[in-house]
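Structure first, then comments.
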Amino acid sequence: MRLKLTIGTIIIALMLGVGINYKITIDQKQAEEARIAQIKSEAQVNQQKVEDLQKDIAILRRELAVQREVYPTSRGGQRVARYIDGAQVTWYNDKGKTASGTTATSGRTVAVDPDVVPLGSEVEIVMPDGRVFRRIAEDTGGAVKGKVFDVHIDASDEELYELGRTHGVRVFVLDR
């Protein structure tokens, strides 16, 4: 049996073949578009994760900077053993013997509460106006309790009265 092919039959066969190829092409294109959409979605999720991590890192860096500012690991080359915030400073001018047995000296002696700062410790007192006093905890006093530091200076009683009491002081207790 011979198959007779007419032009109409050939055209129909070609059209069916093109339709099949066309359908395959459409399915491939849809699959590629779906994969591209999935990749874009994953990229957006990853980009958001990167942005979140960058924000977290920035927050941690700020917190670390504040921590270093508030509680540095060293002051003037000496390691900080403790940090006391919100202390008060008063002034005294007695010239007698200190609790540690030394003579009270301006520029060296500070009276402390030995329960807060051990006698013999070196302290750095940072005043709210930025002035810094480095002293040795050599004395105690009746009014020196808790976070109160009584700095010895050579001054008259009137000058001491004018200096008064300073609040909001930072004190760094340095390692010996």
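Following the order of the structure tokens, chains are lettered A, B, ..., residues in each are numbered from 1, and ligands are numbered from 1.
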
Inset, instruction - Please identify which residues in chain A DSSP calls strand (DSSP E) from the backbone, and express them as number ranges by chain. - result: A: 74-75, 78-92, 109-111, 122-126, 132-139, 148-152, 166-174

Inset, instruction - Skip Val110 in chain A itself and residues of its chain fewer than 3 positions away, then list as number ranges by chain all residues within 6 Å of it, counting only C-alpha atoms. - result: A: 135-137, 150-152

Keeping only C-alpha atoms, take the residues you just selected and write them out as a PDB file, in the first residue's frame.
ATOM      1  CA  ARG A 135      45.778  59.731  93.253  1.00  0.00           C
ATOM      2  CA  ILE A 136      46.648  56.921  95.662  1.00  0.00           C
ATOM      3  CA  ALA A 137      44.017  55.639  98.100  1.00  0.00           C
ATOM      4  CA  ASP A 150      37.817  63.008  99.402  1.00  0.00           C
ATOM      5  CA  VAL A 151      40.769  64.491  97.487  1.00  0.00           C
ATOM      6  CA  HIS A 152      43.564  66.135  99.492  1.00  0.00           C
TER       7      HIS A 152
END

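Closest approach to Leu119 in chain A from the set A:Thr98, A:Gln54, A:Gln47, A:Gln88 is made by A:Thr98, with distances taken over only C-alpha atoms.
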
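Pairwise distance (CA of Asp129 in chain A, CA of Val173 in chain A) equals 19.5 Å.
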
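If you measure from each of A:Phe133, A:Gly142, A:Asn93, A:Val171 to Ala81 in chain A using only C-alpha atoms, the closest one turns out to be A:Val171.
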